[in-house]
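Structure file start17.txt with compact mmCIF, C-alpha atoms and all ligand atoms:
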```txt
# COMPACT_ATOMS: atom_id res chain seq x y z
CA MET Y 126 0.00 0.00 0.00
CA CYS Y 127 2.95 2.28 0.56
CA LEU Y 128 4.29 1.48 -2.88
CA ALA Y 129 5.35 4.49 -4.90
CA ILE Y 130 5.98 4.10 -8.61
CA PRO Y 131 8.73 5.89 -10.56
CA ALA Y 132 7.48 8.27 -13.23
CA GLN Y 133 8.95 11.02 -15.38
CA VAL Y 134 7.50 14.54 -15.39
CA ARG Y 135 6.46 15.62 -18.91
CA SER Y 136 4.77 18.97 -18.32
CA ILE Y 137 3.60 21.09 -15.41
CA GLY Y 138 0.29 22.97 -15.48
CA GLU Y 139 -1.79 25.10 -13.13
CA HIS Y 140 -1.70 24.46 -9.35
CA ARG Y 141 1.38 22.24 -9.81
CA MET Y 142 -0.70 19.55 -11.51
CA ALA Y 143 1.61 17.66 -13.87
CA GLU Y 144 1.42 15.16 -16.69
CA VAL Y 145 3.76 12.29 -15.91
CA ASP Y 146 4.77 9.21 -17.83
CA ILE Y 147 4.47 5.96 -15.86
CA MET Y 148 5.92 3.19 -18.01
CA GLY Y 149 4.35 4.60 -21.15
CA VAL Y 150 1.04 5.62 -19.58
CA THR Y 151 0.28 9.31 -19.08
CA ARG Y 152 -1.24 10.32 -15.78
CA THR Y 153 -2.03 13.57 -14.06
CA VAL Y 154 -0.51 13.90 -10.60
CA SER Y 155 -0.02 16.72 -8.11
CA LEU Y 156 3.48 18.08 -7.47
CA ASP Y 157 2.33 19.90 -4.32
CA LEU Y 158 4.63 17.78 -2.13
CA VAL Y 159 7.73 18.20 -4.34
CA PRO Y 160 8.20 21.94 -4.96
CA GLU Y 161 11.64 21.28 -6.45
CA ALA Y 162 10.38 18.87 -9.16
CA ASP Y 163 10.82 20.03 -12.75
CA VAL Y 164 10.12 18.76 -16.24
CA ASP Y 165 12.13 15.58 -17.09
CA ASP Y 166 12.76 14.74 -13.41
CA TYR Y 167 12.03 11.24 -12.19
CA VAL Y 168 9.60 11.24 -9.28
CA LEU Y 169 8.02 8.59 -7.05
CA VAL Y 170 4.23 8.65 -7.38
CA HIS Y 171 1.82 7.54 -4.65
CA ALA Y 172 -1.96 8.08 -4.48
CA GLY Y 173 -2.00 10.72 -7.21
CA TYR Y 174 0.90 12.71 -5.77
CA ALA Y 175 4.61 12.83 -6.47
CA ILE Y 176 6.21 12.29 -3.06
CA GLN Y 177 9.91 12.48 -3.94
CA VAL Y 178 12.29 13.39 -6.72
CA VAL Y 179 14.45 10.31 -7.39
CA ASP Y 180 18.07 11.13 -6.88
CA GLU Y 181 19.89 9.94 -10.00
CA GLU Y 182 23.29 10.51 -8.50
CA PHE Y 183 22.55 8.35 -5.49
CA ALA Y 184 21.09 5.64 -7.71
CA ASN Y 185 24.30 5.51 -9.71
CA GLU Y 186 26.47 5.72 -6.63
CA THR Y 187 24.67 2.82 -4.94
CA LEU Y 188 25.04 0.65 -8.04
CA GLU Y 189 28.70 1.53 -8.44
CA LEU Y 190 29.40 0.67 -4.81
CA LEU Y 191 27.63 -2.65 -5.10
CA LYS Y 192 29.33 -3.53 -8.37
CA GLN Y 193 32.73 -2.92 -6.86
CA MET Y 194 32.08 -4.85 -3.71
CA ASP Y 195 33.54 -8.19 -4.71
CA GLN Y 196 36.86 -6.61 -5.55
CA PRO Y 197 39.41 -7.61 -2.93
CA THR Y 198 39.79 -3.98 -1.87
CA GLY Y 199 36.03 -3.66 -1.49
CA VAL Y 200 33.96 -3.50 1.67
CA MET Z 945 9.45 4.64 -20.77
CA ASP Z 946 12.46 2.89 -19.56
CA VAL Z 947 12.25 3.43 -15.84
CA LYS Z 948 15.85 4.00 -15.06
CA HIS Z 949 17.66 1.53 -12.87
CA VAL Z 950 14.80 -0.93 -12.44
CA SER Z 951 16.58 -3.68 -14.33
CA GLU Z 952 19.88 -2.89 -12.64
CA PHE Z 953 18.26 -3.27 -9.22
CA ARG Z 954 17.08 -6.73 -10.30
CA ASP Z 955 20.44 -7.88 -11.65
CA PRO Z 956 20.81 -11.59 -10.74
CA ILE Z 957 24.63 -11.45 -10.74
CA LEU Z 958 24.63 -8.59 -8.29
CA ALA Z 959 22.05 -10.46 -6.22
CA LYS Z 960 24.27 -13.53 -6.08
CA ARG Z 961 27.19 -11.45 -4.88
CA LEU Z 962 25.09 -9.87 -2.16
CA ILE Z 963 23.89 -13.30 -1.03
CA ASP Z 964 27.55 -14.40 -0.76
CA LYS Z 965 28.30 -11.27 1.25
CA ILE Z 966 25.40 -12.02 3.59
CA ASN Z 967 26.76 -15.54 4.04
CA ASP Z 968 30.14 -14.10 4.97
CA VAL Z 969 28.87 -11.95 7.82
CA ALA Z 970 25.78 -13.80 9.12
CA ASP Z 971 27.70 -15.96 11.56
CA THR Z 972 25.19 -15.88 14.42
CA PRO Z 973 21.45 -16.64 14.32
CA MET Z 974 19.48 -13.49 13.64
CA LYS Z 975 15.80 -12.66 13.34
CA LEU Z 976 15.22 -9.75 10.99
CA MET Z 977 11.78 -8.20 10.73
CA GLU Z 978 10.56 -6.50 7.60
CA VAL Z 979 8.20 -3.85 8.81
CA CYS Z 980 6.60 -2.98 5.51
CA GLY Z 981 4.02 -4.99 3.59
CA THR Z 982 5.64 -4.08 0.28
CA HIS Z 983 8.84 -5.70 1.57
CA THR Z 984 6.85 -8.77 2.60
CA VAL Z 985 5.64 -9.08 -0.97
CA ALA Z 986 9.09 -8.45 -2.49
CA ILE Z 987 10.72 -11.04 -0.22
CA ALA Z 988 8.07 -13.65 -1.03
CA LYS Z 989 7.91 -12.83 -4.74
CA TYR Z 990 11.65 -13.04 -5.34
CA GLY Z 991 12.04 -16.09 -3.10
CA LEU Z 992 14.55 -14.33 -0.87
CA ARG Z 993 13.74 -16.46 2.18
CA ASP Z 994 15.02 -19.50 0.29
CA VAL Z 995 18.39 -17.99 -0.49
CA MET Z 996 19.18 -16.86 3.05
CA PRO Z 997 21.80 -18.71 5.10
CA GLU Z 998 20.37 -20.83 7.91
CA THR Z 999 21.34 -18.20 10.44
CA VAL Z 1000 19.03 -15.57 8.94
CA THR Z 1001 15.31 -15.73 9.66
CA LEU Z 1002 13.12 -13.17 7.96
CA ILE Z 1003 9.86 -12.43 9.74
CA SER Z 1004 7.05 -10.13 8.71
CA GLY Z 1005 5.81 -7.30 10.87
CA PRO Z 1006 2.87 -4.93 11.08
CA GLY Z 1007 3.57 -2.93 7.96
CA CYS Z 1008 0.36 -3.29 6.04
CA PRO Z 1009 -1.90 -0.33 6.87
CA VAL Z 1010 -5.00 -2.27 5.84
CA CYS Z 1011 -4.10 -5.16 8.13
CA VAL Z 1012 -3.38 -3.08 11.22
CA THR Z 1013 -6.62 -1.11 10.96
CA ALA Z 1014 -8.71 -2.14 13.97
CA ASN Z 1015 -12.10 -3.79 13.59
CA SER Z 1016 -13.72 -0.90 15.44
CA ASP Z 1017 -12.39 1.55 12.82
CA ILE Z 1018 -13.62 -0.56 9.91
CA ASP Z 1019 -17.00 -0.79 11.66
CA MET Z 1020 -17.02 3.01 11.85
CA ALA Z 1021 -16.37 3.34 8.09
CA ILE Z 1022 -19.17 0.89 7.40
CA GLU Z 1023 -21.55 2.78 9.64
CA ILE Z 1024 -20.70 6.04 7.84
CA ALA Z 1025 -21.35 4.38 4.47
CA ARG Z 1026 -24.79 3.37 5.72
CA GLN Z 1027 -25.92 6.96 6.30
CA ASP Z 1028 -28.34 8.58 3.85
CA ASP Z 1029 -26.83 10.75 1.11
CA VAL Z 1030 -23.30 9.68 1.95
CA VAL Z 1031 -20.81 8.43 -0.63
CA LEU Z 1032 -17.82 6.60 0.86
CA ALA Z 1033 -14.67 6.77 -1.28
CA THR Z 1034 -11.81 4.41 -0.49
CA PHE Z 1035 -8.64 2.85 -1.85
CA GLY Z 1036 -9.47 -0.55 -3.33
CA ASP Z 1037 -7.49 -2.46 -0.68
CA MET Z 1038 -10.07 -1.66 1.98
CA MET Z 1039 -13.11 -3.08 0.19
CA LYS Z 1040 -12.89 -6.72 1.26
CA VAL Z 1041 -11.44 -6.16 4.72
CA PRO Z 1042 -13.80 -7.74 7.23
CA GLY Z 1043 -14.97 -5.62 10.13
CA SER Z 1044 -16.78 -7.17 13.07
CA TYR Z 1045 -19.94 -7.94 11.14
CA SER Z 1046 -19.60 -6.82 7.51
CA SER Z 1047 -17.21 -5.39 4.94
CA LEU Z 1048 -17.38 -2.44 2.56
CA ALA Z 1049 -17.69 -4.87 -0.37
CA ARG Z 1050 -20.73 -6.46 1.24
CA GLU Z 1051 -22.25 -3.06 1.99
CA LYS Z 1052 -21.75 -2.02 -1.62
CA ALA Z 1053 -23.48 -5.20 -2.81
CA ASP Z 1054 -26.32 -4.20 -0.47
CA GLY Z 1055 -26.68 -0.94 -2.36
CA ARG Z 1056 -24.59 1.59 -0.43
CA ASP Z 1057 -22.74 4.15 -2.53
CA ILE Z 1058 -19.14 3.10 -2.02
CA ARG Z 1059 -16.55 3.97 -4.64
CA VAL Z 1060 -12.97 2.95 -5.18
CA VAL Z 1061 -10.62 5.82 -5.95
CA TYR Z 1062 -6.94 5.96 -6.76
CA SER Z 1063 -6.20 9.29 -5.09
CA PRO Z 1064 -7.85 11.44 -2.39
CA LEU Z 1065 -8.09 14.11 -5.11
CA ASP Z 1066 -10.37 11.81 -7.12
CA SER Z 1067 -12.79 11.64 -4.17
CA LEU Z 1068 -12.78 15.44 -4.06
CA THR Z 1069 -13.85 15.46 -7.71
CA VAL Z 1070 -16.70 13.06 -6.86
CA ALA Z 1071 -17.86 15.57 -4.22
CA GLU Z 1072 -17.74 18.45 -6.69
CA GLU Z 1073 -19.78 16.43 -9.17
CA HIS Z 1074 -22.40 15.50 -6.55
CA PRO Z 1075 -23.22 18.60 -4.50
CA GLU Z 1076 -26.36 16.87 -3.17
CA LYS Z 1077 -24.25 14.18 -1.47
CA HIS Z 1078 -21.63 14.23 1.27
CA VAL Z 1079 -18.50 12.37 0.19
CA VAL Z 1080 -16.32 10.81 2.89
CA PHE Z 1081 -12.81 9.74 1.95
CA LEU Z 1082 -11.56 6.81 4.02
CA GLY Z 1083 -8.03 7.87 4.94
CA VAL Z 1084 -5.99 4.74 5.60
CA GLY Z 1085 -2.21 4.55 5.37
CA PHE Z 1086 1.07 5.47 6.99
CA GLU Z 1087 3.22 8.58 6.56
CA THR Z 1088 3.51 7.80 2.84
CA THR Z 1089 -0.18 8.47 2.31
CA ALA Z 1090 -0.95 11.02 5.02
CA PRO Z 1091 0.65 14.03 3.25
CA THR Z 1092 -1.38 13.33 0.10
CA VAL Z 1093 -4.56 13.44 2.18
CA ALA Z 1094 -3.37 16.56 4.02
CA SER Z 1095 -2.73 18.25 0.70
CA ALA Z 1096 -6.17 17.19 -0.58
CA ILE Z 1097 -7.78 18.71 2.54
CA GLN Z 1098 -5.98 21.99 1.86
CA THR Z 1099 -7.07 21.81 -1.77
CA ALA Z 1100 -10.68 21.27 -0.67
CA GLU Z 1101 -10.44 24.33 1.50
CA SER Z 1102 -8.99 26.51 -1.24
CA ARG Z 1103 -11.65 25.31 -3.69
CA GLY Z 1104 -14.41 25.89 -1.14
CA VAL Z 1105 -15.74 22.32 -1.27
CA ASP Z 1106 -18.05 21.82 1.71
CA ASN Z 1107 -19.57 18.40 1.02
CA TRP Z 1108 -16.37 16.40 1.45
CA SER Z 1109 -14.61 15.11 4.56
CA VAL Z 1110 -12.03 12.56 5.64
CA LEU Z 1111 -12.23 9.71 8.13
CA SER Z 1112 -8.59 9.82 9.20
CA LEU Z 1113 -7.39 6.38 10.27
CA HIS Z 1114 -3.79 7.20 9.37
CA LYS Z 1115 -1.04 5.78 11.51
CA THR Z 1116 2.59 6.63 12.12
CA VAL Z 1117 5.27 3.97 12.13
CA PRO Z 1118 8.22 4.73 14.48
CA TYR Z 1119 6.41 4.36 17.83
CA ALA Z 1120 4.67 1.21 16.70
CA LEU Z 1121 8.16 -0.23 16.22
CA LYS Z 1122 8.97 0.77 19.77
CA ALA Z 1123 5.98 -1.26 20.96
CA LEU Z 1124 7.33 -4.23 18.99
CA VAL Z 1125 10.94 -4.08 20.15
CA ASP Z 1126 9.70 -3.69 23.73
CA ASP Z 1127 7.51 -6.79 23.40
CA PRO Z 1128 9.29 -9.77 25.01
CA GLU Z 1129 7.36 -12.18 22.78
CA VAL Z 1130 8.71 -10.64 19.58
CA GLN Z 1131 12.52 -10.42 19.97
CA VAL Z 1132 13.92 -9.08 16.73
CA ASN Z 1133 17.64 -8.59 16.14
CA GLY Z 1134 17.29 -6.16 13.26
CA LEU Z 1135 14.69 -4.09 11.46
CA ILE Z 1136 14.25 -3.72 7.70
CA LEU Z 1137 12.65 -0.28 7.65
CA PRO Z 1138 10.06 0.82 5.08
CA GLY Z 1139 11.32 2.67 2.02
CA HIS Z 1140 8.46 4.98 1.19
CA VAL Z 1141 7.34 5.81 4.73
CA SER Z 1142 10.95 6.90 5.15
CA THR Z 1143 10.84 8.93 1.93
CA ILE Z 1144 8.53 11.19 3.90
CA ILE Z 1145 9.88 11.03 7.47
CA GLY Z 1146 13.56 10.38 6.70
CA SER Z 1147 15.75 8.14 8.81
CA ARG Z 1148 16.12 10.34 11.90
CA PRO Z 1149 12.83 9.47 13.63
CA TYR Z 1150 14.11 5.89 13.98
CA ALA Z 1151 17.34 6.87 15.75
CA PHE Z 1152 15.97 5.87 19.17
CA LEU Z 1153 15.56 2.27 17.98
CA ALA Z 1154 19.31 1.94 17.62
CA GLU Z 1155 20.39 4.30 20.37
CA GLU Z 1156 17.95 3.40 23.15
CA HIS Z 1157 16.91 -0.12 22.19
CA GLY Z 1158 20.12 -1.32 20.54
CA VAL Z 1159 18.31 -2.63 17.46
CA PRO Z 1160 20.21 -2.35 14.15
CA SER Z 1161 17.96 -0.78 11.53
CA VAL Z 1162 18.28 -0.24 7.78
CA VAL Z 1163 15.89 1.65 5.51
CA THR Z 1164 15.64 0.05 2.12
CA GLY Z 1165 13.72 -0.05 -1.16
CA PHE Z 1166 11.71 -2.74 -2.87
CA GLU Z 1167 13.78 -4.19 -5.69
CA PRO Z 1168 15.61 -7.44 -4.89
CA ILE Z 1169 18.98 -5.70 -4.83
CA ASP Z 1170 17.62 -3.11 -2.40
CA VAL Z 1171 16.27 -5.76 -0.04
CA LEU Z 1172 19.43 -7.88 -0.21
CA GLN Z 1173 21.61 -4.84 0.37
CA GLY Z 1174 19.48 -3.97 3.41
CA ILE Z 1175 19.81 -7.49 4.82
CA TRP Z 1176 23.55 -7.48 4.23
CA MET Z 1177 23.95 -4.13 6.02
CA LEU Z 1178 21.93 -5.45 8.98
CA ALA Z 1179 23.90 -8.69 9.16
CA LYS Z 1180 27.09 -6.65 9.07
CA GLN Z 1181 25.97 -4.41 11.93
CA ILE Z 1182 25.07 -7.49 13.98
CA HIS Z 1183 28.40 -9.14 13.08
CA GLU Z 1184 30.28 -6.05 14.17
CA GLY Z 1185 28.21 -5.60 17.32
CA GLU Z 1186 26.86 -2.25 16.17
CA ALA Z 1187 23.40 -0.72 16.26
CA LYS Z 1188 22.70 2.24 14.02
CA VAL Z 1189 20.16 3.46 11.50
CA GLU Z 1190 21.43 3.28 7.92
CA ILE Z 1191 19.89 3.96 4.52
CA ALA Z 1192 20.30 1.41 1.72
CA TYR Z 1193 17.89 3.33 -0.50
CA LYS Z 1194 19.58 6.65 -0.97
CA ARG Z 1195 17.94 7.37 -4.30
CA GLY Z 1196 14.54 7.50 -2.60
CA VAL Z 1197 15.21 8.49 1.02
CA MET Z 1198 17.07 11.38 2.58
CA PRO Z 1199 17.90 11.48 6.30
CA LYS Z 1200 15.68 14.54 6.76
CA GLY Z 1201 12.80 13.16 4.67
CA ASN Z 1202 10.49 15.29 2.57
CA GLN Z 1203 10.15 18.55 4.47
CA THR Z 1204 7.25 19.85 2.40
CA ALA Z 1205 5.25 16.67 3.01
CA LEU Z 1206 6.03 16.78 6.74
CA LYS Z 1207 4.84 20.38 6.83
CA ARG Z 1208 1.54 19.42 5.18
CA ILE Z 1209 1.04 16.62 7.72
CA ASP Z 1210 1.77 18.96 10.60
CA GLU Z 1211 -0.54 21.68 9.29
CA VAL Z 1212 -3.53 19.38 8.97
CA PHE Z 1213 -3.08 16.57 11.51
CA ARG Z 1214 -2.20 16.32 15.19
CA PRO Z 1215 -0.93 13.16 16.94
CA SER Z 1216 -3.67 11.10 18.59
CA ASP Z 1217 -3.99 7.64 20.11
CA SER Z 1218 -4.58 4.87 17.63
CA GLU Z 1219 -5.60 1.25 17.92
CA TRP Z 1220 -3.49 -1.27 16.01
CA ARG Z 1221 -4.80 -4.75 15.31
CA GLY Z 1222 -2.80 -7.26 17.31
CA ILE Z 1223 -0.87 -4.61 19.21
CA GLY Z 1224 -3.55 -2.48 20.88
CA VAL Z 1225 -3.72 1.26 21.42
CA ILE Z 1226 -0.37 3.01 20.87
CA PRO Z 1227 -0.33 6.59 22.15
CA GLY Z 1228 0.53 9.25 19.61
CA THR Z 1229 0.50 6.99 16.52
CA GLY Z 1230 -2.79 8.26 15.13
CA MET Z 1231 -3.39 11.37 13.04
CA ALA Z 1232 -6.47 13.31 14.03
CA ILE Z 1233 -7.60 16.27 11.92
CA ARG Z 1234 -6.79 19.60 13.59
CA ASP Z 1235 -9.67 21.83 14.68
CA GLU Z 1236 -8.71 24.42 12.04
CA TYR Z 1237 -9.73 21.85 9.45
CA GLY Z 1238 -12.66 20.49 11.50
CA GLY Z 1239 -15.06 21.07 8.62
CA PHE Z 1240 -13.25 18.27 6.76
CA ASP Z 1241 -13.35 15.82 9.67
CA ALA Z 1242 -15.85 13.01 9.01
CA LEU Z 1243 -16.03 12.33 12.76
CA LYS Z 1244 -17.66 15.76 13.08
CA ARG Z 1245 -19.54 15.89 9.79
CA VAL Z 1246 -21.07 12.40 9.89
CA PRO Z 1247 -21.08 11.33 13.54
CA VAL Z 1248 -22.08 7.68 13.98
CA THR Z 1249 -22.10 5.09 16.74
CA PRO Z 1250 -20.86 1.74 15.44
CA PRO Z 1251 -21.86 -1.49 17.19
CA GLU Z 1252 -19.61 -3.07 19.83
CA PRO Z 1253 -16.64 -4.60 17.92
CA ARG Z 1254 -15.74 -8.29 18.09
CA GLU Z 1255 -12.75 -10.33 17.00
CA ILE Z 1256 -12.92 -12.64 14.00
CA PRO Z 1257 -13.17 -16.21 15.33
CA GLY Z 1258 -10.10 -18.34 14.55
CA CYS Z 1259 -8.07 -15.59 12.87
CA GLN Z 1260 -4.53 -15.09 14.17
CA CYS Z 1261 -3.82 -12.03 12.08
CA GLY Z 1262 -2.96 -10.04 15.20
CA ASP Z 1263 -0.16 -12.46 16.12
CA VAL Z 1264 1.00 -12.63 12.49
CA LEU Z 1265 1.34 -8.84 12.54
CA ARG Z 1266 3.63 -9.02 15.55
CA GLY Z 1267 5.74 -11.68 13.86
CA ILE Z 1268 5.16 -14.22 16.63
CA VAL Z 1269 3.36 -16.74 14.42
CA LEU Z 1270 3.81 -17.41 10.71
CA PRO Z 1271 0.79 -17.42 8.41
CA PHE Z 1272 1.30 -21.19 7.93
CA ASP Z 1273 0.76 -21.65 11.66
CA CYS Z 1274 -2.83 -20.43 11.46
CA LYS Z 1275 -5.23 -23.36 11.27
CA LEU Z 1276 -7.34 -21.55 8.70
CA PHE Z 1277 -4.45 -20.72 6.34
CA ALA Z 1278 -5.21 -22.00 2.83
CA LYS Z 1279 -8.11 -24.01 4.26
CA GLY Z 1280 -10.95 -21.80 5.46
CA CYS Z 1281 -9.00 -18.67 4.53
CA THR Z 1282 -7.78 -17.88 1.00
CA PRO Z 1283 -7.50 -14.64 -1.02
CA GLU Z 1284 -10.80 -15.52 -2.73
CA HIS Z 1285 -12.54 -16.13 0.62
CA PRO Z 1286 -10.50 -14.24 3.20
CA VAL Z 1287 -11.35 -14.65 6.86
CA GLY Z 1288 -8.98 -12.00 8.18
CA PRO Z 1289 -7.39 -8.78 6.89
CA CYS Z 1290 -3.92 -10.34 6.57
CA MET Z 1291 -5.33 -12.47 3.74
CA VAL Z 1292 -7.35 -9.67 2.11
CA SER Z 1293 -4.75 -7.06 1.40
CA SER Z 1294 -2.35 -7.96 -1.39
CA GLU Z 1295 0.37 -6.84 1.00
CA GLY Z 1296 -0.88 -8.82 3.96
CA SER Z 1297 1.53 -11.48 5.18
CA CYS Z 1298 -1.01 -14.30 4.79
CA ALA Z 1299 -1.81 -13.27 1.20
CA ALA Z 1300 1.88 -12.88 0.30
CA TYR Z 1301 2.72 -16.32 1.73
CA TYR Z 1302 -0.30 -17.86 0.01
CA ARG Z 1303 0.45 -16.42 -3.41
CA TYR Z 1304 4.14 -17.21 -3.42
CA THR Z 1305 4.26 -20.50 -1.57
CA ASP Z 1306 6.32 -22.01 -4.37
CA TYR Z 1307 9.27 -19.82 -3.58
CA GLY Z 1308 12.38 -19.62 -5.69
CA LYS Z 1309 11.04 -17.62 -8.60
CA ASP Z 1310 13.54 -16.02 -10.96
CA LEU Z 1311 15.00 -12.86 -9.61
CA ASP Z 1312 14.04 -11.03 -12.77
CA ALA Z 1313 10.53 -12.48 -12.91
S1 LIG U 1401 -4.70 -17.20 7.39
FE1 LIG U 1401 -6.61 -15.97 7.44
S2 LIG U 1401 -7.57 -16.49 9.37
FE2 LIG U 1401 -5.43 -17.14 9.52
S3 LIG U 1401 -4.34 -15.39 10.40
FE3 LIG U 1401 -4.23 -15.16 8.19
S4 LIG U 1401 -5.96 -13.84 7.69
FE4 LIG U 1401 -6.38 -14.65 9.75
```
For the file at hand, write its structure as structure tokens.
Ligand code: SF4
Amino acid sequence: MCLAIPAQVRSIGEHRMAEVDIMGVTRTVSLDLVPEADVDDYVLVHAGYAIQVVDEEFANETLELLKQMDQPTGV
Amino acid sequence: MDVKHVSEFRDPILAKRLIDKINDVADTPMKLMEVCGTHTVAIAKYGLRDVMPETVTLISGPGCPVCVTANSDIDMAIEIARQDDVVLATFGDMMKVPGSYSSLAREKADGRDIRVVYSPLDSLTVAEEHPEKHVVFLGVGFETTAPTVASAIQTAESRGVDNWSVLSLHKTVPYALKALVDDPEVQVNGLILPGHVSTIIGSRPYAFLAEEHGVPSVVTGFEPIDVLQGIWMLAKQIHEGEAKVEIAYKRGVMPKGNQTALKRIDEVFRPSDSEWRGIGVIPGTGMAIRDEYGGFDALKRVPVTPPEPREIPGCQCGDVLRGIVLPFDCKLFAKGCTPEHPVGPCMVSSEGSCAAYYRYTDYGKDLDA
């Protein structure tokens, strides 16, 4: 029930209502809870609201860390 | 759209490496509780229990908002739906949940106007389209959902909608975890903390679990790599004799959470006592609507007196939610109680432990299934 689905912001209209793309499907969601969200950002969507902007840098960093971890010098 | 990173966070080779890492550090028996229903589903779906070393036991906790909603609260929603000129709008998960004597699905079949919506904003639209009715939105969920409802209440106010209100059954997670780690029957060695609740509240509100209760805790996401990374970090803390709160899901959770969402919650709700199925009343874990927004409080707009609640005979959902019995241990599991004919809420909700165990009993599915 607390699942939030990644989506990409396509356009932002009045009252911070935005068109987002969720795996090829367009939906209208509110950006009221993510004032920093902008067009092209990835956001997590829950119950018709974006609740977080997905941090690309952290996603890459986590993957890099994990990929390196079986190196002898790793964790 | 290619949702970035989804396939990478399901990479079987990376998963295998993480499993090896877990094997390396899990050298003492440990009971790890996943608090969140979405984790329960992920763990069952990807067969993660089967790939754990013998030392690691994964148990499910109270993290399904539908399941922990008390019978008395479901009875209240049903009673509201029975009032004249009321439309009850709810997330689909709540429809089949049995209260003491009925369910919303049964009430709908009996002709009550009960509608499934995807967002609280959709229920607001229903109200605007039906000025002759009063629309009550059934607000169920943890901190993930509460800010969306708070925002909808503020939207209703700014749009001047006066035939819409919310029955707020929202609950907050951190102090429910305190009740669990304090419970001598439960005894967990580590907590897998919920990803999207933490998106909102951050990791700081859990600090007392590590500092005062000595329980290692890791916030993580819902892809197999996320869950395995979380388990590995917990096993490592236990191996090293540490207890701290860490985040394995940095792309979705910041230590300070989502400040705007927290502000919305605080503007609209105040902490109240809340009854949790299986656990009882936990002070301060409810979210009552503040007096400033009293016009949107269903308790005030549609006051009702539900009948005396009763427990569902034979259902051990309450003990399942505390992780002290497994769904298999319930005599009704897969016999009298199935997802098609659920006896208790833990079998109704797709994220309930009983439903997750039932659906994925043949564990060991492909990691990229
Ligand atoms: S299997 Fe059904 S009856 Fe048994 S605890 Fe789970 S929900 Fe309750």
**Counting all atoms listed in the file, the option among Y:Val168, Y:Ala162, Y:Val150, Y:Val179 closest to chain Z** = Y:Val179
**Item:** Contacts of ligand LIG 1401 (chain U), 7 Å or closer, all atoms listed in the file, given as a PyMOL selection string
**Value:** chain Z and resi 1258-1261+1264+1271+1274-1278+1281-1282+1286-1291+1298
**Complete:** Pairwise distance, CA of Glu1190 in chain Z with CA of Ser1161 in chain Z, equals 6.4 Å
**Request:** List the neighbours of Gly1139 in chain Z out to 6 Å using all atoms listed in the file; skip same-chain residues closer than 5 positions along the sequence, and give me the result as a VMD selection string.
**Result:** chain Z and resid 1163 to 1165
Mind dumping a table of every chain Z residue within 9 Å of chain Y, with the nearest atom pair and its distance in Å to one decimal, using only C-alpha atoms, sorted by chain and rising number, as a Markdown table?
```
| residue | atom | partner | partner_atom | distance |
| --- | --- | --- | --- | --- |
| Z:Met945 | CA | Y:Met148 | CA | 4.7 |
| Z:Asp946 | CA | Y:Met148 | CA | 6.7 |
| Z:Val947 | CA | Y:Met148 | CA | 6.7 |
| Z:Lys948 | CA | Y:Pro131 | CA | 8.6 |
| Z:His949 | CA | Y:Ala184 | CA | 7.4 |
| Z:Glu952 | CA | Y:Leu188 | CA | 7.8 |
| Z:Phe953 | CA | Y:Leu188 | CA | 7.9 |
| Z:Leu958 | CA | Y:Lys192 | CA | 6.9 |
| Z:Arg961 | CA | Y:Asp195 | CA | 7.1 |
| Z:Leu962 | CA | Y:Leu191 | CA | 8.2 |
| Z:Lys965 | CA | Y:Asp195 | CA | 8.5 |
| Z:Cys980 | CA | Y:Cys127 | CA | 8.1 |
| Z:Gly981 | CA | Y:Met126 | CA | 7.3 |
| Z:Thr982 | CA | Y:Leu128 | CA | 6.5 |
| Z:Cys1008 | CA | Y:Met126 | CA | 6.9 |
| Z:Pro1009 | CA | Y:Met126 | CA | 7.1 |
| Z:Val1010 | CA | Y:Met126 | CA | 8.0 |
| Z:Phe1035 | CA | Y:Ala172 | CA | 8.9 |
| Z:Asp1037 | CA | Y:Met126 | CA | 7.9 |
| Z:Tyr1062 | CA | Y:Ala172 | CA | 5.9 |
| Z:Ser1063 | CA | Y:Ala172 | CA | 4.5 |
| Z:Pro1064 | CA | Y:Ala172 | CA | 7.1 |
| Z:Leu1065 | CA | Y:Gly173 | CA | 7.3 |
| Z:Asp1066 | CA | Y:Gly173 | CA | 8.4 |
| Z:Gly1085 | CA | Y:Met126 | CA | 7.4 |
| Z:Phe1086 | CA | Y:Cys127 | CA | 7.4 |
| Z:Glu1087 | CA | Y:Cys127 | CA | 8.7 |
| Z:Thr1088 | CA | Y:Cys127 | CA | 6.0 |
| Z:Thr1089 | CA | Y:Ala172 | CA | 7.0 |
| Z:Pro1091 | CA | Y:Leu158 | CA | 7.7 |
| Z:Thr1092 | CA | Y:Tyr174 | CA | 6.3 |
| Z:Val1093 | CA | Y:Ala172 | CA | 8.9 |
| Z:Ser1095 | CA | Y:Asp157 | CA | 7.3 |
| Z:Pro1138 | CA | Y:Cys127 | CA | 8.6 |
| Z:Gly1139 | CA | Y:Cys127 | CA | 8.5 |
| Z:His1140 | CA | Y:Cys127 | CA | 6.2 |
| Z:Val1141 | CA | Y:Cys127 | CA | 7.0 |
| Z:Thr1143 | CA | Y:Gln177 | CA | 6.9 |
| Z:Ile1144 | CA | Y:Ile176 | CA | 7.4 |
| Z:Phe1166 | CA | Y:Leu128 | CA | 8.5 |
| Z:Gln1173 | CA | Y:Leu191 | CA | 8.4 |
| Z:Ala1192 | CA | Y:Thr187 | CA | 8.1 |
| Z:Tyr1193 | CA | Y:Thr187 | CA | 8.1 |
| Z:Lys1194 | CA | Y:Phe183 | CA | 5.7 |
| Z:Arg1195 | CA | Y:Asp180 | CA | 4.6 |
| Z:Gly1196 | CA | Y:Val179 | CA | 5.6 |
| Z:Val1197 | CA | Y:Gln177 | CA | 8.3 |
| Z:Asn1202 | CA | Y:Gln177 | CA | 7.1 |
| Z:Gln1203 | CA | Y:Leu158 | CA | 8.6 |
| Z:Thr1204 | CA | Y:Leu158 | CA | 5.6 |
| Z:Ala1205 | CA | Y:Leu158 | CA | 5.3 |
| Z:Arg1208 | CA | Y:Leu158 | CA | 8.1 |
| Z:Ser1293 | CA | Y:Met126 | CA | 8.6 |
| Z:Ser1294 | CA | Y:Met126 | CA | 8.4 |
| Z:Glu1295 | CA | Y:Met126 | CA | 6.9 |
```
